[in-house]
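Undergrad: One file: query.cif (mmCIF, C-alpha atoms).
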data_data
loop_
_atom_site.label_atom_id
_atom_site.label_comp_id
_atom_site.auth_asym_id
_atom_site.auth_seq_id
_atom_site.Cartn_x
_atom_site.Cartn_y
_atom_site.Cartn_z
CA MET A 527 -23.67 110.52 203.27
CA ALA A 528 -24.58 111.61 199.75
CA LYS A 529 -24.64 115.40 199.52
CA ARG A 530 -28.12 116.78 199.10
CA ASN A 531 -29.43 120.30 199.20
CA SER A 532 -31.83 119.64 201.98
CA LEU A 533 -31.77 117.04 204.71
CA TYR A 534 -34.48 115.69 206.96
CA ILE A 535 -33.26 116.31 210.51
CA ILE A 536 -34.91 115.35 213.80
CA ILE A 537 -33.94 117.27 216.93
CA VAL A 538 -34.97 115.84 220.28
CA GLY A 539 -35.08 118.49 222.98
CA CYS A 540 -36.12 122.06 222.39
CA GLY A 541 -34.21 123.87 225.09
CA ARG A 542 -31.87 126.77 224.35
CA LEU A 543 -29.39 124.63 222.39
CA GLY A 544 -31.98 122.52 220.55
CA SER A 545 -34.06 125.51 219.53
CA THR A 546 -31.05 127.55 218.34
CA ILE A 547 -29.73 124.67 216.24
CA ALA A 548 -33.25 123.95 214.90
CA SER A 549 -33.66 127.56 213.77
CA ASN A 550 -30.18 127.64 212.18
CA LEU A 551 -30.72 124.42 210.27
CA SER A 552 -34.18 125.35 209.03
CA ASN A 553 -32.83 128.74 207.91
CA LYS A 554 -30.28 126.84 205.86
CA GLY A 555 -33.17 125.14 204.06
CA HIS A 556 -33.23 121.78 205.79
CA SER A 557 -36.44 120.04 206.83
CA VAL A 558 -36.33 120.10 210.62
CA VAL A 559 -38.63 118.37 213.09
CA VAL A 560 -38.27 119.21 216.78
CA VAL A 561 -39.62 116.82 219.41
CA ASP A 562 -40.13 117.85 223.02
CA LYS A 563 -42.49 116.59 225.70
CA VAL A 564 -43.25 120.11 226.94
CA GLU A 565 -45.25 122.21 224.48
CA SER A 566 -44.06 125.52 225.93
CA SER A 567 -40.47 124.54 225.01
CA PHE A 568 -41.30 125.46 221.43
CA ASP A 569 -41.52 129.09 222.55
CA HIS A 570 -37.71 129.02 222.39
CA LEU A 571 -37.87 128.65 218.61
CA THR A 572 -37.26 131.85 216.71
CA GLN A 573 -39.87 133.29 214.36
CA GLU A 574 -37.63 132.34 211.45
CA PHE A 575 -37.98 128.62 212.30
CA THR A 576 -39.78 126.99 209.39
CA GLY A 577 -39.89 123.34 210.46
CA PHE A 578 -42.32 121.11 212.33
CA SER A 579 -42.75 120.66 216.06
CA ILE A 580 -44.11 117.56 217.76
CA VAL A 581 -45.15 117.32 221.40
CA GLY A 582 -44.16 113.89 222.65
CA ASN A 583 -41.89 111.83 224.84
CA ALA A 584 -38.94 110.83 222.68
CA THR A 585 -38.25 107.78 224.84
CA GLU A 586 -41.49 106.38 223.46
CA ILE A 587 -41.27 105.00 219.97
CA VAL A 588 -44.65 106.54 219.04
CA ALA A 589 -43.24 110.06 219.22
CA LEU A 590 -40.23 109.13 217.10
CA LYS A 591 -42.45 107.36 214.57
CA LYS A 592 -44.66 110.42 214.41
CA ALA A 593 -41.53 112.40 213.54
CA LYS A 594 -40.85 109.83 210.77
CA ILE A 595 -37.50 108.80 212.23
CA ASP A 596 -37.24 106.05 209.63
CA LYS A 597 -36.80 108.72 206.99
CA ALA A 598 -34.32 110.93 208.89
CA ASP A 599 -30.92 111.78 207.49
CA MET A 600 -29.72 112.98 210.87
CA VAL A 601 -30.86 112.79 214.50
CA LEU A 602 -29.67 115.19 217.20
CA ALA A 603 -30.31 114.19 220.82
CA LEU A 604 -30.07 117.47 222.67
CA THR A 605 -32.12 117.11 225.86
CA ASN A 606 -30.58 117.96 229.22
CA ASN A 607 -30.65 114.31 230.25
CA ASP A 608 -27.86 111.89 229.24
CA ASN A 609 -30.08 108.85 229.71
CA ILE A 610 -32.75 110.18 227.33
CA ASN A 611 -30.10 111.24 224.83
CA TYR A 612 -28.59 107.76 224.99
CA MET A 613 -31.95 106.02 224.49
CA VAL A 614 -32.82 108.22 221.52
CA SER A 615 -29.35 107.76 220.01
CA GLN A 616 -29.52 104.00 220.47
CA VAL A 617 -32.93 103.74 218.80
CA ALA A 618 -31.80 105.99 215.94
CA LYS A 619 -28.58 104.05 215.40
CA GLU A 620 -29.53 100.49 216.11
CA VAL A 621 -33.20 100.30 215.14
CA TYR A 622 -33.35 102.80 212.30
CA ASN A 623 -29.72 102.75 211.10
CA ILE A 624 -29.52 106.55 210.94
CA GLU A 625 -26.08 107.39 209.63
CA THR A 626 -25.46 110.58 211.55
CA VAL A 627 -26.51 110.77 215.17
CA ILE A 628 -25.14 113.50 217.43
CA ALA A 629 -25.77 113.71 221.17
CA ARG A 630 -25.10 116.23 223.88
CA ILE A 631 -23.58 114.70 227.01
CA TYR A 632 -23.40 116.32 230.42
CA ASN A 633 -21.35 113.69 232.21
CA PRO A 634 -17.97 113.05 230.47
CA ASP A 635 -17.94 109.55 232.03
CA ASN A 636 -20.70 108.58 229.57
CA VAL A 637 -18.67 109.35 226.46
CA MET A 638 -17.57 105.76 225.89
CA LEU A 639 -21.16 104.50 226.05
CA PHE A 640 -22.13 106.79 223.19
CA LYS A 641 -18.98 106.11 221.19
CA GLN A 642 -19.58 102.37 221.42
CA ILE A 643 -22.74 102.80 219.35
CA ASN A 644 -20.99 105.14 216.93
CA VAL A 645 -22.69 108.35 218.05
CA ARG A 646 -20.85 111.65 217.74
CA VAL A 647 -20.85 113.63 220.95
CA ILE A 648 -20.78 117.21 222.18
CA ILE A 649 -19.70 117.64 225.79
CA PRO A 650 -20.38 121.19 226.97
CA MET A 651 -18.28 120.77 230.12
CA LEU A 652 -15.18 119.68 228.17
CA LEU A 653 -15.74 122.42 225.58
CA ALA A 654 -15.89 124.99 228.37
CA GLU A 655 -12.83 123.49 230.06
CA ASN A 656 -10.80 123.57 226.84
CA TYR A 657 -11.85 127.11 226.15
CA PHE A 658 -11.01 128.15 229.69
CA ASN A 659 -7.53 126.57 229.40
CA ARG A 660 -6.94 128.41 226.13
CA ILE A 661 -7.86 131.77 227.66
CA PHE A 662 -5.78 130.97 230.72
CA GLN A 663 -2.74 130.12 228.59
CA GLU A 664 -3.18 133.35 226.60
CA ILE A 665 -3.27 135.35 229.82
CA MET A 666 -0.24 133.53 231.26
CA GLY A 667 1.61 134.08 227.99
CA GLU A 668 0.87 137.78 228.06
CA GLU A 669 2.05 138.00 231.68
CA LYS A 670 5.38 136.34 230.71
CA MET B 657 -41.12 121.84 182.50
CA ALA B 658 -43.65 120.42 184.94
CA VAL B 659 -45.68 122.92 186.95
CA PHE B 660 -47.37 122.14 190.27
CA LEU B 661 -49.84 124.04 192.39
CA ILE B 662 -49.28 124.14 196.17
CA VAL B 663 -52.22 124.95 198.45
CA ASP B 664 -51.42 125.58 202.13
CA ASP B 665 -52.21 128.43 204.50
CA GLU B 666 -48.78 128.26 206.17
CA THR B 667 -46.13 130.20 204.27
CA HIS B 668 -43.23 128.09 205.49
CA ILE B 669 -44.92 124.84 204.40
CA ARG B 670 -45.52 126.35 200.96
CA ASN B 671 -41.84 127.31 200.84
CA MET B 672 -40.70 123.86 201.91
CA LEU B 673 -42.84 122.17 199.26
CA LYS B 674 -41.69 124.64 196.63
CA LYS B 675 -38.05 124.08 197.52
CA ALA B 676 -38.39 120.29 197.25
CA LEU B 677 -40.03 120.63 193.81
CA GLU B 678 -37.48 123.15 192.61
CA GLU B 679 -34.70 120.73 193.52
CA LEU B 680 -36.14 118.53 190.77
CA GLU B 681 -36.25 121.60 188.51
CA TYR B 682 -40.05 121.67 188.55
CA GLU B 683 -41.93 124.92 188.78
CA ALA B 684 -44.41 125.59 191.57
CA ASP B 685 -47.07 128.22 192.18
CA SER B 686 -48.51 128.50 195.64
CA VAL B 687 -51.75 129.79 197.14
CA ALA B 688 -53.19 129.93 200.66
CA ASN B 689 -56.67 128.36 200.35
CA GLY B 690 -59.18 126.52 198.18
CA GLU B 691 -60.76 129.57 196.54
CA GLU B 692 -57.38 130.87 195.39
CA ALA B 693 -56.50 127.37 194.19
CA LEU B 694 -59.65 127.10 192.03
CA ARG B 695 -58.95 130.50 190.48
CA ALA B 696 -55.39 129.41 189.68
CA LEU B 697 -56.63 126.09 188.24
CA PHE B 698 -59.03 127.90 185.90
CA GLU B 699 -56.29 130.24 184.73
CA LYS B 700 -53.43 127.84 184.22
CA ARG B 701 -52.83 124.22 183.35
CA TYR B 702 -50.98 122.35 186.13
CA ASP B 703 -49.38 118.93 186.11
CA GLY B 704 -50.35 118.19 189.69
CA LEU B 705 -51.59 119.63 192.95
CA PHE B 706 -50.43 119.41 196.57
CA THR B 707 -53.05 120.52 199.07
CA ASP B 708 -53.41 120.84 202.83
CA LEU B 709 -56.79 119.96 204.36
CA LYS B 710 -57.28 122.46 207.17
CA MET B 711 -57.29 125.96 205.76
CA PRO B 712 -59.34 129.08 206.39
CA GLY B 713 -62.06 129.67 203.78
CA MET B 714 -62.41 126.78 201.38
CA ASN B 715 -60.62 123.80 202.94
CA GLY B 716 -58.84 120.95 201.18
CA LEU B 717 -61.82 118.57 201.12
CA ASP B 718 -64.07 121.23 199.60
CA LEU B 719 -61.38 122.01 197.06
CA LEU B 720 -61.18 118.34 196.02
CA LYS B 721 -65.00 118.21 195.72
CA ALA B 722 -65.06 121.42 193.68
CA MET B 723 -62.33 120.10 191.37
CA ASN B 724 -64.40 116.98 190.72
CA GLU B 725 -67.50 119.07 190.04
CA GLU B 726 -65.55 121.22 187.61
CA THR B 727 -63.96 118.06 186.12
CA ILE B 728 -60.44 119.31 186.78
CA THR B 729 -58.80 115.93 186.55
CA ILE B 730 -55.13 116.60 187.35
CA PRO B 731 -53.41 114.26 189.85
CA LYS B 732 -53.82 115.40 193.46
CA VAL B 733 -51.85 114.74 196.66
CA VAL B 734 -52.93 115.75 200.17
CA VAL B 735 -50.25 116.93 202.62
CA SER B 736 -51.79 117.21 206.06
CA VAL B 737 -51.18 116.79 209.75
CA CYS B 738 -54.50 114.93 210.01
CA THR B 739 -54.20 111.17 210.57
CA GLU B 740 -57.92 110.36 211.05
CA ALA B 741 -58.82 107.30 208.98
CA ASP B 742 -62.24 108.71 207.98
CA LYS B 743 -60.72 111.86 206.50
CA ILE B 744 -58.04 109.93 204.66
CA ILE B 745 -60.62 107.53 203.16
CA GLN B 746 -62.79 110.49 202.14
CA CYS B 747 -59.81 112.04 200.35
CA PHE B 748 -59.11 108.85 198.43
CA GLN B 749 -62.80 108.62 197.52
CA LEU B 750 -62.45 112.10 196.08
CA GLY B 751 -59.73 110.82 193.80
CA ILE B 752 -56.41 111.75 195.39
CA MET B 753 -53.35 109.86 194.30
CA ASN B 754 -51.48 109.93 197.60
CA TYR B 755 -51.75 111.17 201.19
CA ILE B 756 -48.63 112.49 202.93
CA THR B 757 -48.70 113.27 206.64
CA LYS B 758 -46.86 116.21 208.17
CA PRO B 759 -44.04 116.34 209.04
CA PHE B 760 -42.94 115.36 205.57
CA THR B 761 -39.51 114.77 204.16
CA PRO B 762 -38.39 116.48 200.92
CA GLU B 763 -37.95 112.98 199.47
CA GLU B 764 -41.65 112.14 200.06
CA ILE B 765 -42.67 115.26 198.16
CA LYS B 766 -40.27 114.58 195.31
CA ALA B 767 -41.45 110.97 194.99
CA ALA B 768 -45.10 112.10 194.94
CA ALA B 769 -44.37 114.71 192.27
CA LYS B 770 -42.61 112.14 190.09
CA GLN B 771 -45.49 109.71 190.60
CA MET B 772 -47.97 112.40 189.55
CA LEU B 773 -46.08 113.09 186.33
CA LYS B 774 -45.85 109.40 185.58
CA LEU B 775 -49.58 108.97 185.98
CA LYS B 776 -50.61 112.15 184.28
CA ILE B 777 -52.23 111.21 181.02
CA ASP B 778 -54.75 113.15 179.02
CA ILE B 779 -58.03 111.46 179.83
CA LYS B 780 -59.88 112.54 176.67
CA GLU B 781 -57.13 111.49 174.26
CA THR B 782 -56.55 108.22 176.08
CA THR B 783 -60.26 107.38 176.13
CA GLN B 784 -60.50 107.78 172.35
CA TYR B 785 -57.35 105.77 171.85
CA VAL B 786 -58.52 102.93 174.12
CA LYS B 787 -61.93 102.82 172.39
CA GLY B 788 -60.07 102.38 169.10
CA LEU B 789 -57.99 99.55 170.56
CA ILE B 790 -61.12 97.79 171.82
CA GLN B 791 -62.77 98.08 168.41
CA GLN B 792 -59.66 96.57 166.82
CA ASN B 793 -59.79 93.77 169.40
CA ALA B 794 -56.36 94.80 170.80
CA LEU B 795 -57.69 94.10 174.27
CA SER B 796 -54.46 93.51 176.19
CA SER B 797 -53.02 96.85 174.99
CA ALA B 798 -56.31 98.52 175.86
CA GLU B 799 -56.19 97.04 179.35
CA LYS B 800 -52.74 98.54 180.01
CA TYR B 801 -54.04 102.04 179.30
CA MET B 802 -57.22 101.38 181.25
CA SER B 803 -55.34 100.43 184.39
CA LYS B 804 -53.25 103.61 184.03
CA LEU B 805 -56.46 105.61 183.75
CA PHE B 806 -57.80 103.86 186.84
CA SER B 807 -54.72 104.84 188.87
CA ALA B 808 -54.68 108.42 187.64
CA TYR B 809 -58.43 109.06 187.78
CA PRO B 810 -59.97 106.65 190.31
CA SER B 811 -63.09 108.76 190.75
CA SER B 812 -63.78 109.21 187.04
CA PRO B 813 -66.60 107.18 185.40
CA ILE B 814 -64.46 106.69 182.26
CA PRO B 815 -62.22 103.74 183.30
CA HIS B 816 -65.28 101.67 184.33
CA TYR B 817 -67.02 102.61 181.08
CA LEU B 818 -64.02 101.41 179.09
CA TYR B 819 -63.91 98.17 181.05
CA GLY B 820 -67.60 97.79 180.22
CA LEU B 821 -66.79 98.11 176.50
CA LYS B 822 -63.93 95.65 176.77
CA ASN B 823 -66.08 93.05 178.55
CA LEU B 824 -68.75 93.51 175.92
CA LYS B 825 -66.19 92.84 173.19
CA GLU B 826 -65.18 89.69 175.06
CA GLY B 827 -68.85 88.67 175.18
CA ASP B 828 -69.07 88.85 178.97
CA LEU B 829 -72.37 90.72 179.32
CA ALA B 830 -72.66 90.30 183.07
CA LYS B 831 -69.25 91.89 183.74
CA SER B 832 -69.92 94.60 181.21
CA LEU B 833 -73.18 95.52 182.94
CA LYS B 834 -71.39 95.60 186.30
CA HIS B 835 -68.74 98.05 185.04
CA LEU B 836 -71.25 100.27 183.27
CA LYS B 837 -73.34 100.47 186.42
CA ALA B 838 -70.18 101.26 188.44
CA SER B 839 -69.40 104.02 185.94
CA LEU B 840 -72.85 105.53 186.44
CA SER B 841 -72.60 105.26 190.20
CA LEU B 842 -69.55 107.53 189.99
CA ASP B 843 -71.30 109.96 187.69
CA GLU B 844 -74.97 109.33 186.94
CA SER B 845 -74.94 111.89 184.14
CA TYR B 846 -72.17 110.18 182.16
CA ASP B 847 -73.92 109.74 178.80
CA PRO B 848 -71.66 107.20 177.03
CA ALA B 849 -72.20 104.70 179.89
CA LYS B 850 -75.96 105.42 179.91
CA ARG B 851 -76.23 104.82 176.15
CA GLN B 852 -74.16 101.65 176.33
CA LEU B 853 -76.26 100.31 179.16
CA GLU B 854 -79.46 100.99 177.15
CA GLU B 855 -78.00 99.20 174.12
CA ILE B 856 -77.18 96.15 176.22
CA LYS B 857 -80.67 96.14 177.73
CA VAL B 858 -82.24 96.26 174.25
CA MET B 859 -79.90 93.51 173.15
CA LEU B 860 -80.84 91.35 176.13
CA GLU B 861 -84.58 91.97 175.59
CA SER B 862 -84.40 90.98 171.94
CA LYS B 863 -82.46 87.86 172.88
CA THR B 864 -85.13 86.93 175.43
CA GLU B 865 -87.86 87.54 172.84
CA GLU B 866 -86.03 85.36 170.35
CA LYS B 867 -85.72 82.60 172.93
CA GLU B 868 -89.39 82.85 173.79
CA LYS B 869 -90.35 82.72 170.09
CA LYS B 870 -88.07 79.76 169.57
CA GLY B 871 -89.58 78.07 172.62
CA LYS B 872 -93.11 78.60 171.30
CA THR B 873 -92.18 77.31 167.83
CA ASP B 874 -90.47 74.24 169.30
CA HIS B 875 -93.56 73.62 171.43
CA GLY B 876 -95.81 73.96 168.34
CA GLU B 877 -93.67 71.52 166.38
CA GLU B 878 -93.88 69.02 169.22
CA LYS B 879 -97.67 69.25 169.05
#
How would this structure read if it were set down as structure tokens?
TA:
Amino acid sequence: MAKRNSLYIIIVGCGRLGSTIASNLSNKGHSVVVVDKVESSFDHLTQEFTGFSIVGNATEIVALKKAKIDKADMVLALTNNDNINYMVSQVAKEVYNIETVIARIYNPDNVMLFKQINVRVIIPMLLAENYFNRIFQEIMGEEK
Amino acid sequence: MAVFLIVDDETHIRNMLKKALEELEYEADSVANGEEALRALFEKRYDGLFTDLKMPGMNGLDLLKAMNEETITIPKVVVSVCTEADKIIQCFQLGIMNYITKPFTPEEIKAAAKQMLKLKIDIKETTQYVKGLIQQNALSSAEKYMSKLFSAYPSSPIPHYLYGLKNLKEGDLAKSLKHLKASLSLDESYDPAKRQLEEIKVMLESKTEEKEKKGKTDHGEEK
């Protein structure tokens, strides 16, 4: 992707993770649009958030069109549902050819599905497991 | 360096617009409503204006109307969350160059700014220049400038007036009358179009009189 000062980023899902990332990216000067079907989810956004919020179901194309997905540089699928994240990722990748699509996955068994459509993934369970192993090894090392 | 005026009541939208324009090394001043915008427009010359519609105090539509009344003819772009067809049509009737819906991308703003600069031409200077071209019968060159004027100032009576002059030069009275009337429908107090229309009427009347005279004479000769 050509380096630009500010990107147009769509985040689907405004839970704790989505809202934190949205605030961070908008603070860095990017144009951020957050889509969530529950309006109260936007309460998670910090006061520093300077992007747009759209109430809508991201599995419906209307909501994604409203967010101008065709113009997005990056799409982040961060809901707490792997199926929704997959649908959003698939539409972003295969219909709109978005270069960078990142999804959160709860079930590690779904990783291959996402990788097949060239979506980068974040798996909280594996991250936690790796981190736990690292701490465990440190402790064991200290005990030796 | 090009300077734009941003009108939006939300600080973060103003900042986002400003940032996009600054990435192109343009300058941008920003204000929160229509009244502040008008004050800024009287004080400083801008190359273009981005305005929201829904704002406390004077809203975007009223600002566009006021700019037309004050004949502030810089290119204008609306940036709004509103997607109602009626509102959008009304904005175009008030002479905007483009309508961008929120959420917007920085690229949309940059493209609109570039388009505004491309279209921005001094209406008074261009009008004089085009009139000269028409007098010299350089009609195709005149037409190029006239279509530019049309794009930049769709609600101004001047482009129609110039088309009226061009048609007159071509001898197409009917078309000329149509454009002059269109010019006056945009601004009924536009004197050059009024005067031209009167001249054509006089011309048509004298032609009719001549025809009638000729008819009578021919009739007399036949007798």
Undergrad: Wanna dump the chain A-chain B contacts at 7 Å for me, each residue with its shortest atom pair and the distance in Å to one decimal, counting only C-alpha atoms, ordered by chain and number, as a Markdown table?
TA:
| residue | atom | partner | partner_atom | distance |
| --- | --- | --- | --- | --- |
| A:Tyr534 | CA | B:Thr761 | CA | 5.8 |
| A:Ser557 | CA | B:Thr761 | CA | 6.7 |
| A:Thr576 | CA | B:His668 | CA | 5.3 |
| A:Phe578 | CA | B:Pro759 | CA | 6.0 |
| A:Ala593 | CA | B:Pro759 | CA | 6.5 |
Undergrad: Here is a test: counting only C-alpha atoms, which residue of A:Ser552, A:Ser579, A:Asn636, A:Thr626 is nearest to Tyr612 of chain A?
TA: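 Once distances to Tyr612 of chain A are computed over only C-alpha atoms, the minimum belongs to A:Asn636.
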Undergrad: Within 9 Å of (-36.8, 131.7, 219.1), only C-alpha atoms: residues as a list of chain:residue names?
TA: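 Neighbouring residues, ordered by chain and number, come to A:Arg542, A:Ser545, A:Thr546, A:Ser549, A:Phe568, A:Asp569, A:His570, A:Leu571, A:Thr572, A:Gln573, A:Glu574, A:Phe575.
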Undergrad: Skipping near chain neighbours, those fewer than 3 positions away, what residues fall within 12 Å of Val564 of chain A using all atoms listed in the file, listed as an NGL selection string?
TA: :A and (538-541 or 560-561 or 567-570 or 579-584 or 605)
Undergrad: Suppose you want the space between atom CA of Leu551 of chain A and atom CA of Ile643 of chain A; what is it in Å?
TA: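 According to the coordinates, atom CA of Leu551 of chain A and atom CA of Ile643 of chain A are separated by 24.8 Å.
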Undergrad: For the atom pair atom CA of Val659 of chain B and atom CA of Cys747 of chain B, what is the interatomic distance in Å to one decimal place?
TA: 22.3 Å
Undergrad: Counting only C-alpha atoms, figure out which residue out of B:Gln852, B:Lys743, B:Gly704, B:Leu673 gets nearest to Gly555 of chain A.
TA: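 Ranking B:Gln852, B:Lys743, B:Gly704, B:Leu673 by distance to Gly555 of chain A, first place goes to B:Leu673.
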Undergrad: Axis-aligned box over every listed atom of segment 672-681 of chain B, padded by 5 Å per side: centre and edges in Å to one decimal, as JSON?
TA:
{"center_x": -38.8, "center_y": 121.6, "center_z": 195.2, "size_x": 18.1, "size_y": 16.1, "size_z": 23.4}
Undergrad: I need the residue nearest Glu692 of chain B from this list: B:Met772, B:Ile756, B:Ile662, B:Val858. Use all atoms listed in the file for the distance.
TA: B:Ile662
